[in-house]
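So this block is model.csv, CSV, C-alpha atoms:
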chain,number,residue,atom,x,y,z
A,267,MET,CA,-18.6,72.1,-20.8
A,268,ALA,CA,-20.1,75.5,-21.6
A,269,SER,CA,-23.6,75.7,-20.3
A,270,THR,CA,-25.1,76.4,-23.7
A,271,ALA,CA,-23.6,73.1,-25.0
A,272,ALA,CA,-24.6,71.2,-21.9
A,273,GLN,CA,-28.2,72.2,-22.6
A,274,ALA,CA,-28.4,70.5,-25.9
A,275,PRO,CA,-28.7,66.9,-24.8
A,276,GLU,CA,-31.6,67.8,-22.5
A,277,MET,CA,-33.4,69.8,-25.1
A,278,ALA,CA,-32.7,67.3,-27.9
A,279,PRO,CA,-35.9,65.2,-27.9
A,280,ALA,CA,-37.9,67.8,-29.7
A,281,ARG,CA,-35.4,68.0,-32.5
A,282,ALA,CA,-34.2,64.4,-32.7
A,283,GLU,CA,-37.9,63.3,-33.0
A,284,ASP,CA,-37.9,63.9,-36.7
A,285,LYS,CA,-35.2,61.3,-37.2
A,286,VAL,CA,-37.5,58.4,-37.3
A,287,SER,CA,-40.1,57.8,-40.0
A,288,LEU,CA,-43.8,58.4,-39.6
A,289,ILE,CA,-44.3,54.6,-40.1
A,290,ARG,CA,-42.0,54.0,-37.2
A,291,LEU,CA,-44.0,56.3,-35.0
A,292,TYR,CA,-47.1,54.4,-35.8
A,293,VAL,CA,-45.4,51.0,-35.2
A,294,LEU,CA,-44.4,52.3,-31.8
A,295,ARG,CA,-47.9,53.6,-31.1
A,296,ALA,CA,-49.2,50.1,-32.1
A,297,ALA,CA,-46.9,48.5,-29.6
A,298,TYR,CA,-48.2,50.8,-26.8
A,299,LEU,CA,-51.7,50.0,-27.9
A,300,LEU,CA,-50.9,46.3,-27.8
A,301,LEU,CA,-49.7,46.8,-24.2
A,302,ILE,CA,-52.8,48.7,-23.3
A,303,VAL,CA,-55.2,46.1,-24.8
A,304,GLY,CA,-53.2,43.1,-23.6
A,305,LEU,CA,-52.5,44.2,-20.1
A,306,GLY,CA,-55.9,45.9,-19.8
A,307,GLY,CA,-57.6,42.5,-20.3
A,308,LEU,CA,-55.2,40.5,-18.2
A,309,ILE,CA,-54.1,42.7,-15.4
A,310,VAL,CA,-56.5,45.5,-14.7
A,311,PRO,CA,-59.3,43.2,-13.5
A,312,GLN,CA,-56.8,41.7,-11.0
A,313,ILE,CA,-56.0,45.2,-9.7
A,314,VAL,CA,-59.7,46.2,-9.5
A,315,SER,CA,-60.8,43.1,-7.6
A,316,HIS,CA,-58.8,40.4,-6.0
A,317,PRO,CA,-58.7,38.5,-2.7
A,318,ILE,CA,-57.5,40.6,0.1
A,319,SER,CA,-54.5,38.3,0.8
A,320,ASP,CA,-53.0,38.7,-2.7
A,321,ARG,CA,-49.4,39.9,-2.6
A,322,GLY,CA,-50.1,41.8,-5.8
A,323,ILE,CA,-46.6,42.8,-6.8
A,324,ILE,CA,-46.8,41.4,-10.3
A,325,ALA,CA,-50.2,42.9,-10.9
A,326,ALA,CA,-49.0,46.3,-9.7
A,327,LEU,CA,-45.9,46.2,-11.8
A,328,LEU,CA,-47.8,45.3,-15.0
A,329,GLY,CA,-50.5,47.8,-14.1
A,330,GLY,CA,-47.8,50.5,-14.0
A,331,ILE,CA,-46.7,49.5,-17.5
A,332,TRP,CA,-50.3,49.6,-18.6
A,333,LEU,CA,-50.9,53.2,-17.3
A,334,LEU,CA,-47.7,54.6,-18.8
A,335,ALA,CA,-48.4,53.0,-22.2
A,336,PHE,CA,-51.2,55.6,-22.6
A,337,ILE,CA,-48.5,58.4,-22.5
A,338,GLY,CA,-46.7,56.4,-25.1
A,339,LEU,CA,-49.5,56.8,-27.6
A,340,LEU,CA,-48.9,60.6,-27.5
A,341,HIS,CA,-45.2,60.6,-27.0
A,342,PRO,CA,-43.9,57.3,-28.5
A,343,LEU,CA,-40.3,58.3,-28.7
A,344,ARG,CA,-40.1,60.0,-25.3
A,345,MET,CA,-41.5,56.8,-23.7
A,346,LEU,CA,-39.0,54.5,-25.4
A,347,PRO,CA,-37.4,53.6,-22.0
A,348,LEU,CA,-40.7,51.9,-21.2
A,349,LEU,CA,-40.3,49.6,-24.3
A,350,MET,CA,-36.6,49.2,-23.7
A,351,PHE,CA,-37.5,48.1,-20.2
A,352,GLU,CA,-40.1,45.7,-21.5
A,353,PHE,CA,-37.5,44.2,-23.9
A,354,ALA,CA,-34.8,44.0,-21.2
A,355,TRP,CA,-36.8,42.3,-18.5
A,356,LYS,CA,-38.3,39.8,-20.9
A,357,VAL,CA,-35.0,38.8,-22.3
A,358,ILE,CA,-33.5,38.5,-18.8
A,359,TRP,CA,-36.5,36.3,-17.7
A,360,VAL,CA,-36.4,34.1,-20.7
A,361,LEU,CA,-32.6,33.5,-20.4
A,362,ALA,CA,-32.6,33.1,-16.6
A,363,TYR,CA,-35.9,31.2,-16.0
A,364,GLY,CA,-37.9,30.4,-19.1
A,365,LEU,CA,-35.4,28.6,-21.3
A,366,PRO,CA,-33.7,26.7,-18.5
A,367,SER,CA,-37.0,25.4,-17.2
A,368,TRP,CA,-38.2,24.5,-20.7
A,369,SER,CA,-35.0,22.6,-21.5
A,370,ALA,CA,-35.2,20.8,-18.2
A,371,GLY,CA,-38.8,19.9,-18.8
A,372,GLN,CA,-39.8,21.7,-15.6
A,373,LEU,CA,-42.4,24.2,-17.1
A,374,THR,CA,-45.6,24.4,-15.0
A,375,PRO,CA,-48.9,25.6,-16.6
A,376,VAL,CA,-48.2,29.0,-15.1
A,377,THR,CA,-44.5,29.3,-16.2
A,378,SER,CA,-45.4,27.9,-19.6
A,379,GLU,CA,-47.9,30.7,-20.1
A,380,ASP,CA,-45.4,33.2,-18.8
A,381,LEU,CA,-42.9,31.9,-21.4
A,382,THR,CA,-45.4,32.3,-24.3
A,383,ASN,CA,-46.3,35.8,-23.2
A,384,THR,CA,-42.7,37.0,-22.7
A,385,LEU,CA,-41.5,35.4,-25.9
A,386,VAL,CA,-44.0,37.5,-27.8
A,387,GLY,CA,-42.2,40.6,-26.3
A,388,VAL,CA,-38.8,39.2,-26.9
A,389,VAL,CA,-39.6,38.7,-30.6
A,390,LEU,CA,-41.7,41.8,-31.1
A,391,MET,CA,-39.8,44.5,-29.3
A,392,PRO,CA,-36.6,44.3,-31.4
A,393,LEU,CA,-38.7,44.8,-34.5
A,394,VAL,CA,-40.6,47.8,-33.0
A,395,ILE,CA,-37.7,49.7,-31.3
A,396,PRO,CA,-35.9,52.1,-33.6
A,397,TRP,CA,-32.4,50.9,-32.8
A,398,GLY,CA,-30.6,53.6,-34.8
A,399,TYR,CA,-32.4,56.2,-32.7
A,400,VAL,CA,-31.6,54.4,-29.5
A,401,TRP,CA,-28.0,54.2,-30.5
A,402,ARG,CA,-27.8,57.9,-31.2
A,403,ARG,CA,-29.8,59.0,-28.2
A,404,TYR,CA,-28.9,56.6,-25.4
A,405,VAL,CA,-25.3,55.6,-26.4
A,406,ARG,CA,-23.6,58.2,-28.6
A,407,GLN,CA,-25.2,61.3,-27.2
A,408,PRO,CA,-23.3,62.8,-24.2
A,409,GLY,CA,-24.9,62.3,-20.9
A,410,ALA,CA,-26.6,65.0,-18.9
A,411,ARG,CA,-24.2,67.6,-17.5
A,412,TRP,CA,-22.1,66.7,-14.5
A,413,ARG,CA,-21.2,70.3,-13.4
B,485,MET,CA,-21.5,77.8,-4.0
B,486,ALA,CA,-18.1,79.3,-4.5
B,487,SER,CA,-18.3,79.4,-8.2
B,488,THR,CA,-15.8,81.3,-10.2
B,489,ALA,CA,-17.8,81.3,-13.4
B,490,ASP,CA,-20.8,82.7,-11.6
B,491,SER,CA,-22.2,84.4,-14.8
B,492,ALA,CA,-22.4,81.0,-16.6
B,493,SER,CA,-23.9,79.0,-13.7
B,494,PRO,CA,-25.6,81.2,-11.2
B,495,SER,CA,-26.7,78.5,-8.8
B,496,ILE,CA,-26.7,74.7,-8.6
B,497,TRP,CA,-30.1,74.9,-7.0
B,498,LYS,CA,-31.9,76.8,-9.8
B,499,ARG,CA,-32.5,75.4,-13.3
B,500,GLY,CA,-31.8,78.7,-15.0
B,501,GLU,CA,-31.5,78.1,-18.7
B,502,HIS,CA,-31.4,74.3,-18.2
B,503,GLU,CA,-34.2,71.9,-18.0
B,504,VAL,CA,-33.6,71.1,-14.3
B,505,SER,CA,-31.1,72.2,-11.7
B,506,LEU,CA,-27.8,70.5,-11.2
B,507,VAL,CA,-28.8,69.4,-7.8
B,508,ARG,CA,-31.9,67.7,-9.3
B,509,LEU,CA,-29.7,65.9,-11.8
B,510,TYR,CA,-27.5,64.6,-8.9
B,511,VAL,CA,-30.5,63.6,-6.8
B,512,MET,CA,-31.9,61.6,-9.8
B,513,ARG,CA,-28.4,60.0,-10.4
B,514,ALA,CA,-28.2,59.1,-6.7
B,515,ALA,CA,-31.5,57.4,-7.0
B,516,CYS,CA,-30.3,55.4,-10.0
B,517,LEU,CA,-27.1,54.5,-8.3
B,518,ALA,CA,-28.8,53.4,-5.2
B,519,ALA,CA,-31.2,51.3,-7.2
B,520,ALA,CA,-28.3,49.8,-9.3
B,521,ILE,CA,-26.4,48.9,-6.1
B,522,ALA,CA,-29.5,47.6,-4.2
B,523,LEU,CA,-30.8,45.5,-7.1
B,524,GLY,CA,-27.3,44.4,-8.1
B,525,SER,CA,-26.7,42.9,-4.6
B,526,SER,CA,-30.2,41.6,-3.9
B,527,ASN,CA,-31.5,40.6,-7.3
B,528,LEU,CA,-28.6,39.8,-9.5
B,529,PRO,CA,-27.6,36.6,-7.6
B,530,ALA,CA,-31.1,35.3,-8.2
B,531,LEU,CA,-30.7,35.8,-11.9
B,532,ILE,CA,-27.3,34.2,-12.1
B,533,TRP,CA,-28.3,31.2,-9.9
B,534,PRO,CA,-32.1,31.1,-10.5
B,535,ASP,CA,-34.3,29.0,-8.3
B,536,PRO,CA,-35.3,26.1,-10.6
B,537,MET,CA,-38.7,25.9,-9.0
B,538,GLY,CA,-39.3,29.6,-8.9
B,539,ARG,CA,-41.6,31.6,-11.3
B,540,GLY,CA,-39.0,34.3,-11.5
B,541,MET,CA,-41.3,37.1,-12.8
B,542,ILE,CA,-40.4,39.6,-10.1
B,543,THR,CA,-36.8,38.7,-10.3
B,544,GLY,CA,-36.8,39.2,-14.1
B,545,ILE,CA,-38.7,42.5,-13.9
B,546,LEU,CA,-36.3,43.8,-11.3
B,547,GLY,CA,-33.4,42.7,-13.5
B,548,GLY,CA,-34.8,44.9,-16.2
B,549,LEU,CA,-35.0,47.8,-13.8
B,550,TRP,CA,-31.4,47.3,-12.8
B,551,VAL,CA,-30.3,47.7,-16.5
B,552,MET,CA,-32.5,50.9,-16.7
B,553,ALA,CA,-31.0,52.3,-13.5
B,554,LEU,CA,-27.5,51.9,-15.0
B,555,ILE,CA,-28.6,53.9,-18.1
B,556,GLY,CA,-30.2,56.5,-15.8
B,557,ILE,CA,-26.9,57.4,-14.1
B,558,ARG,CA,-25.7,58.8,-17.4
B,559,TYR,CA,-29.1,60.0,-18.8
B,560,PRO,CA,-31.3,60.8,-15.8
B,561,LEU,CA,-33.7,63.1,-17.7
B,562,MET,CA,-34.2,60.7,-20.6
B,563,MET,CA,-35.0,57.9,-18.2
B,564,VAL,CA,-37.9,59.9,-16.6
B,565,PRO,CA,-40.4,57.3,-17.9
B,566,ILE,CA,-38.7,54.7,-15.7
B,567,PHE,CA,-38.9,57.0,-12.7
B,568,LEU,CA,-42.6,57.5,-13.5
B,569,PHE,CA,-43.1,53.8,-13.8
B,570,GLU,CA,-41.5,53.2,-10.4
B,571,PHE,CA,-43.7,55.9,-8.9
B,572,VAL,CA,-46.9,54.6,-10.5
B,573,TRP,CA,-46.6,50.9,-9.9
B,574,LYS,CA,-45.6,51.4,-6.3
B,575,THR,CA,-48.5,53.7,-5.8
B,576,ILE,CA,-50.9,51.2,-7.3
B,577,TRP,CA,-49.5,48.5,-5.1
B,578,LEU,CA,-49.8,50.7,-2.0
B,579,LEU,CA,-53.4,51.8,-2.7
B,580,ARG,CA,-54.8,48.5,-4.0
B,581,PHE,CA,-52.8,45.9,-2.1
B,582,GLY,CA,-50.6,47.1,0.7
B,583,LEU,CA,-52.8,49.5,2.5
B,584,PRO,CA,-56.0,47.4,2.3
B,585,GLN,CA,-54.2,44.4,3.7
B,586,TRP,CA,-52.7,46.5,6.5
B,587,LEU,CA,-56.0,48.2,7.4
B,588,ALA,CA,-57.7,44.8,7.4
B,589,GLY,CA,-55.2,43.7,9.9
B,590,SER,CA,-54.3,40.6,7.9
B,591,GLY,CA,-50.6,41.4,8.4
B,592,SER,CA,-47.8,39.0,7.8
B,593,PRO,CA,-44.0,39.3,8.1
B,594,ARG,CA,-44.0,39.5,4.3
B,595,LEU,CA,-46.5,42.3,4.2
B,596,SER,CA,-44.5,44.3,6.7
B,597,ALA,CA,-41.4,43.8,4.5
B,598,ASP,CA,-43.3,44.7,1.4
B,599,LEU,CA,-44.7,47.8,3.0
B,600,ILE,CA,-41.3,49.1,3.8
B,601,GLU,CA,-39.6,48.0,0.5
B,602,ILE,CA,-42.4,49.2,-1.7
B,603,GLY,CA,-44.9,51.2,0.2
B,604,LEU,CA,-42.4,53.9,1.3
B,605,PHE,CA,-41.1,54.6,-2.2
B,606,PRO,CA,-44.0,56.5,-3.7
B,607,VAL,CA,-43.1,59.3,-1.3
B,608,LEU,CA,-39.4,59.1,-2.1
B,609,PHE,CA,-40.0,59.1,-5.9
B,610,GLY,CA,-42.4,61.9,-5.4
B,611,LEU,CA,-39.5,64.0,-4.1
B,612,VAL,CA,-37.0,62.8,-6.7
B,613,ILE,CA,-39.0,63.2,-9.9
B,614,PRO,CA,-38.7,66.7,-11.5
B,615,TRP,CA,-42.4,67.4,-11.8
B,616,GLY,CA,-42.0,70.6,-13.6
B,617,TYR,CA,-40.0,68.8,-16.3
B,618,VAL,CA,-42.6,66.1,-16.5
B,619,TRP,CA,-45.4,68.7,-16.8
B,620,ARG,CA,-43.5,70.5,-19.6
B,621,HIS,CA,-42.4,67.5,-21.6
B,622,TYR,CA,-45.1,64.8,-21.0
B,623,VAL,CA,-48.2,66.8,-20.4
B,624,ARG,CA,-48.0,70.3,-22.0
B,625,ALA,CA,-45.7,69.3,-24.9
B,626,PRO,CA,-47.6,68.6,-28.2
B,627,ALA,CA,-47.8,65.0,-29.1
B,628,GLU,CA,-45.2,63.6,-31.6
B,629,ARG,CA,-46.5,64.0,-35.1
B,630,TRP,CA,-49.5,62.0,-36.4
B,631,ARG,CA,-49.0,62.8,-40.1
If you took the structure in this file and wrote it as structure tokens, what would it be?
Amino acid sequence: MASTAAQAPEMAPARAEDKVSLIRLYVLRAAYLLLIVGLGGLIVPQIVSHPISDRGIIAALLGGIWLLAFIGLLHPLRMLPLLMFEFAWKVIWVLAYGLPSWSAGQLTPVTSEDLTNTLVGVVLMPLVIPWGYVWRRYVRQPGARWR
Amino acid sequence: MASTADSASPSIWKRGEHEVSLVRLYVMRAACLAAAIALGSSNLPALIWPDPMGRGMITGILGGLWVMALIGIRYPLMMVPIFLFEFVWKTIWLLRFGLPQWLAGSGSPRLSADLIEIGLFPVLFGLVIPWGYVWRHYVRAPAERWR
């Protein structure tokens, strides 16, 4: 309520940072690096040169993740929403599209490659994300001030 | 505004001792709420009743953004990476895909729709994002520890 108390959540990143181990910071940095290398090889060439008629939404979306992953190397905890987003959309896609197509035997070469790529994220992200930190910062911590 | 505790909160327009002004927090929350509503109505049905023949990548990614928008209503500042992501990928799309197609005159109804639904948003996000905060916390701030 008081403005001094309301300031704490906004300022907290600097202090809460110390609450994950150094190894965790490096694991997170490795995840961002993996995104940079993986997407850099797959997606960046598509953004640089492509047929003029390409719709390009998927390439641009993944290109955005690629660019922001560079910030993640410096600020792995502050950029956690990027990894949470990666985890969320891949789980959603696998549940809504990947697994149903697979169990119905309807995977095409494209969607079967999509399934492999997203499953890597679905398995890897839960191991990389510091869930205790996420719980403290994104669930337990009071939201930003309302007045 | 007609504030009784004027010493504690001098203005809703100035950030004062806070990271960003109260108005800015509400603008960010409004953006998250609008995204949550828009994606909830346009995208969620496609996740609940997926097209068995569809690739579903865009639908899945937008589903992830919907989850992030819900978190952003409570924690707008902590979700700044998602705001940046929205700004960056839409800018990439506009510069590398939307504008070149439009300038080449290879327009289609889908391109017109994409230009409105994606191409206008870099400007909008440019106005919503608290750039001073981004500068202080993502550019000027020292990286999280390396050792």
Using all atoms listed in the file, tabulate the residues of chain B lying at most 6 Å from any atom of chain A, each with its closest atom pair and that distance in Å to one decimal, by chain and increasing residue number, as a Markdown table.
| residue | atom | partner | partner_atom | distance |
| --- | --- | --- | --- | --- |
| B:His502 | CA | A:Gln273 | CA | 5.8 |
| B:Leu531 | CA | A:Ala362 | CA | 5.7 |
| B:Gly544 | CA | A:Trp359 | CA | 4.6 |
| B:Ile545 | CA | A:Trp355 | CA | 5.0 |
| B:Gly548 | CA | A:Trp355 | CA | 4.0 |
| B:Arg558 | CA | A:Gly409 | CA | 5.0 |
| B:Tyr559 | CA | A:Gly409 | CA | 5.2 |
| B:Pro565 | CA | A:Met345 | CA | 5.9 |
| B:Phe569 | CA | A:Gly330 | CA | 5.7 |
| B:Val572 | CA | A:Gly330 | CA | 5.5 |
| B:Trp573 | CA | A:Gly330 | CA | 4.3 |
| B:Ile576 | CA | A:Ala326 | CA | 5.8 |
| B:Trp577 | CA | A:Ala326 | CA | 5.1 |
| B:Ala627 | CA | A:Leu340 | CA | 4.8 |
| B:Glu628 | CA | A:His341 | CA | 5.5 |
- Task: In the coordinates of the file, take the point (-34.9, 60.2, -11.4) and a cut-off of 8 Å; then, counting all atoms listed in the file, name each qualifying protein, DNA or RNA residue as a VMD selection string.
- Result: chain B and resid 509 511 to 513 515 to 516 556 560 to 561 563 to 564 566 to 567 609 612 to 614
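Counting from CA of Val293 (chain A), the distance to CA of Tyr622 (chain B) is 19.8 Å.
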- Taking (-46.3, 47.0, 3.2) in the file's own coordinates, collect the residues within 12 Å, counting all atoms listed in the file, and hand them back as number ranges by chain. A: 321-323; B: 574-575, 577-587, 589-606
Produce a file of the selected residues containing C-alpha atoms, as a PDB file, in the coordinates of the input.
ATOM      1  CA  ARG A 321     -49.400  39.900  -2.600  1.00  0.00           C
ATOM      2  CA  GLY A 322     -50.100  41.800  -5.800  1.00  0.00           C
ATOM      3  CA  ILE A 323     -46.600  42.800  -6.800  1.00  0.00           C
TER       4      ILE A 323
ATOM      5  CA  LYS B 574     -45.600  51.400  -6.300  1.00  0.00           C
ATOM      6  CA  THR B 575     -48.500  53.700  -5.800  1.00  0.00           C
ATOM      7  CA  TRP B 577     -49.500  48.500  -5.100  1.00  0.00           C
ATOM      8  CA  LEU B 578     -49.800  50.700  -2.000  1.00  0.00           C
ATOM      9  CA  LEU B 579     -53.400  51.800  -2.700  1.00  0.00           C
ATOM     10  CA  ARG B 580     -54.800  48.500  -4.000  1.00  0.00           C
ATOM     11  CA  PHE B 581     -52.800  45.900  -2.100  1.00  0.00           C
ATOM     12  CA  GLY B 582     -50.600  47.100   0.700  1.00  0.00           C
ATOM     13  CA  LEU B 583     -52.800  49.500   2.500  1.00  0.00           C
ATOM     14  CA  PRO B 584     -56.000  47.400   2.300  1.00  0.00           C
ATOM     15  CA  GLN B 585     -54.200  44.400   3.700  1.00  0.00           C
ATOM     16  CA  TRP B 586     -52.700  46.500   6.500  1.00  0.00           C
ATOM     17  CA  LEU B 587     -56.000  48.200   7.400  1.00  0.00           C
ATOM     18  CA  GLY B 589     -55.200  43.700   9.900  1.00  0.00           C
ATOM     19  CA  SER B 590     -54.300  40.600   7.900  1.00  0.00           C
ATOM     20  CA  GLY B 591     -50.600  41.400   8.400  1.00  0.00           C
ATOM     21  CA  SER B 592     -47.800  39.000   7.800  1.00  0.00           C
ATOM     22  CA  PRO B 593     -44.000  39.300   8.100  1.00  0.00           C
ATOM     23  CA  ARG B 594     -44.000  39.500   4.300  1.00  0.00           C
ATOM     24  CA  LEU B 595     -46.500  42.300   4.200  1.00  0.00           C
ATOM     25  CA  SER B 596     -44.500  44.300   6.700  1.00  0.00           C
ATOM     26  CA  ALA B 597     -41.400  43.800   4.500  1.00  0.00           C
ATOM     27  CA  ASP B 598     -43.300  44.700   1.400  1.00  0.00           C
ATOM     28  CA  LEU B 599     -44.700  47.800   3.000  1.00  0.00           C
ATOM     29  CA  ILE B 600     -41.300  49.100   3.800  1.00  0.00           C
ATOM     30  CA  GLU B 601     -39.600  48.000   0.500  1.00  0.00           C
ATOM     31  CA  ILE B 602     -42.400  49.200  -1.700  1.00  0.00           C
ATOM     32  CA  GLY B 603     -44.900  51.200   0.200  1.00  0.00           C
ATOM     33  CA  LEU B 604     -42.400  53.900   1.300  1.00  0.00           C
ATOM     34  CA  PHE B 605     -41.100  54.600  -2.200  1.00  0.00           C
ATOM     35  CA  PRO B 606     -44.000  56.500  -3.700  1.00  0.00           C
TER      36      PRO B 606
END
- Would you mind reading off the distance between CA of Leu294 (chain A) and CA of Trp630 (chain B), one decimal, in Å? 11.9 Å
Would you mind completing region 503-516 of chain B so that it carries N, CA and C atoms, and writing it out as a PDB file, in the coordinates of the input?
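Output saved as out-v5.pdb:
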ATOM      1  N   GLU B 503     -32.920  72.511 -18.212  1.00  0.00           N
ATOM      2  CA  GLU B 503     -34.200  71.900 -18.000  1.00  0.00           C
ATOM      3  C   GLU B 503     -34.490  71.682 -16.493  1.00  0.00           C
ATOM      4  N   VAL B 504     -33.471  71.237 -15.768  1.00  0.00           N
ATOM      5  CA  VAL B 504     -33.600  71.100 -14.300  1.00  0.00           C
ATOM      6  C   VAL B 504     -32.295  71.515 -13.678  1.00  0.00           C
ATOM      7  N   SER B 505     -32.315  71.719 -12.373  1.00  0.00           N
ATOM      8  CA  SER B 505     -31.100  72.200 -11.700  1.00  0.00           C
ATOM      9  C   SER B 505     -30.074  71.068 -11.603  1.00  0.00           C
ATOM     10  N   LEU B 506     -28.833  71.472 -11.364  1.00  0.00           N
ATOM     11  CA  LEU B 506     -27.800  70.500 -11.200  1.00  0.00           C
ATOM     12  C   LEU B 506     -28.013  69.588 -10.010  1.00  0.00           C
ATOM     13  N   VAL B 507     -28.531  70.184  -8.952  1.00  0.00           N
ATOM     14  CA  VAL B 507     -28.800  69.400  -7.800  1.00  0.00           C
ATOM     15  C   VAL B 507     -29.855  68.311  -8.102  1.00  0.00           C
ATOM     16  N   ARG B 508     -30.863  68.686  -8.864  1.00  0.00           N
ATOM     17  CA  ARG B 508     -31.900  67.700  -9.300  1.00  0.00           C
ATOM     18  C   ARG B 508     -31.259  66.566 -10.052  1.00  0.00           C
ATOM     19  N   LEU B 509     -30.351  66.909 -10.985  1.00  0.00           N
ATOM     20  CA  LEU B 509     -29.700  65.900 -11.800  1.00  0.00           C
ATOM     21  C   LEU B 509     -28.957  64.884 -10.844  1.00  0.00           C
ATOM     22  N   TYR B 510     -28.283  65.431  -9.831  1.00  0.00           N
ATOM     23  CA  TYR B 510     -27.500  64.600  -8.900  1.00  0.00           C
ATOM     24  C   TYR B 510     -28.445  63.745  -8.029  1.00  0.00           C
ATOM     25  N   VAL B 511     -29.573  64.326  -7.638  1.00  0.00           N
ATOM     26  CA  VAL B 511     -30.500  63.600  -6.800  1.00  0.00           C
ATOM     27  C   VAL B 511     -31.059  62.379  -7.672  1.00  0.00           C
ATOM     28  N   MET B 512     -31.367  62.637  -8.943  1.00  0.00           N
ATOM     29  CA  MET B 512     -31.900  61.600  -9.800  1.00  0.00           C
ATOM     30  C   MET B 512     -30.774  60.508 -10.022  1.00  0.00           C
ATOM     31  N   ARG B 513     -29.535  60.997 -10.219  1.00  0.00           N
ATOM     32  CA  ARG B 513     -28.400  60.000 -10.400  1.00  0.00           C
ATOM     33  C   ARG B 513     -28.218  59.205  -9.147  1.00  0.00           C
ATOM     34  N   ALA B 514     -28.336  59.861  -8.000  1.00  0.00           N
ATOM     35  CA  ALA B 514     -28.200  59.100  -6.700  1.00  0.00           C
ATOM     36  C   ALA B 514     -29.221  58.047  -6.618  1.00  0.00           C
ATOM     37  N   ALA B 515     -30.448  58.362  -7.017  1.00  0.00           N
ATOM     38  CA  ALA B 515     -31.500  57.400  -7.000  1.00  0.00           C
ATOM     39  C   ALA B 515     -31.197  56.183  -7.859  1.00  0.00           C
ATOM     40  N   CYS B 516     -30.702  56.482  -9.077  1.00  0.00           N
ATOM     41  CA  CYS B 516     -30.300  55.400 -10.000  1.00  0.00           C
ATOM     42  C   CYS B 516     -29.186  54.571  -9.455  1.00  0.00           C
TER      43      CYS B 516
END
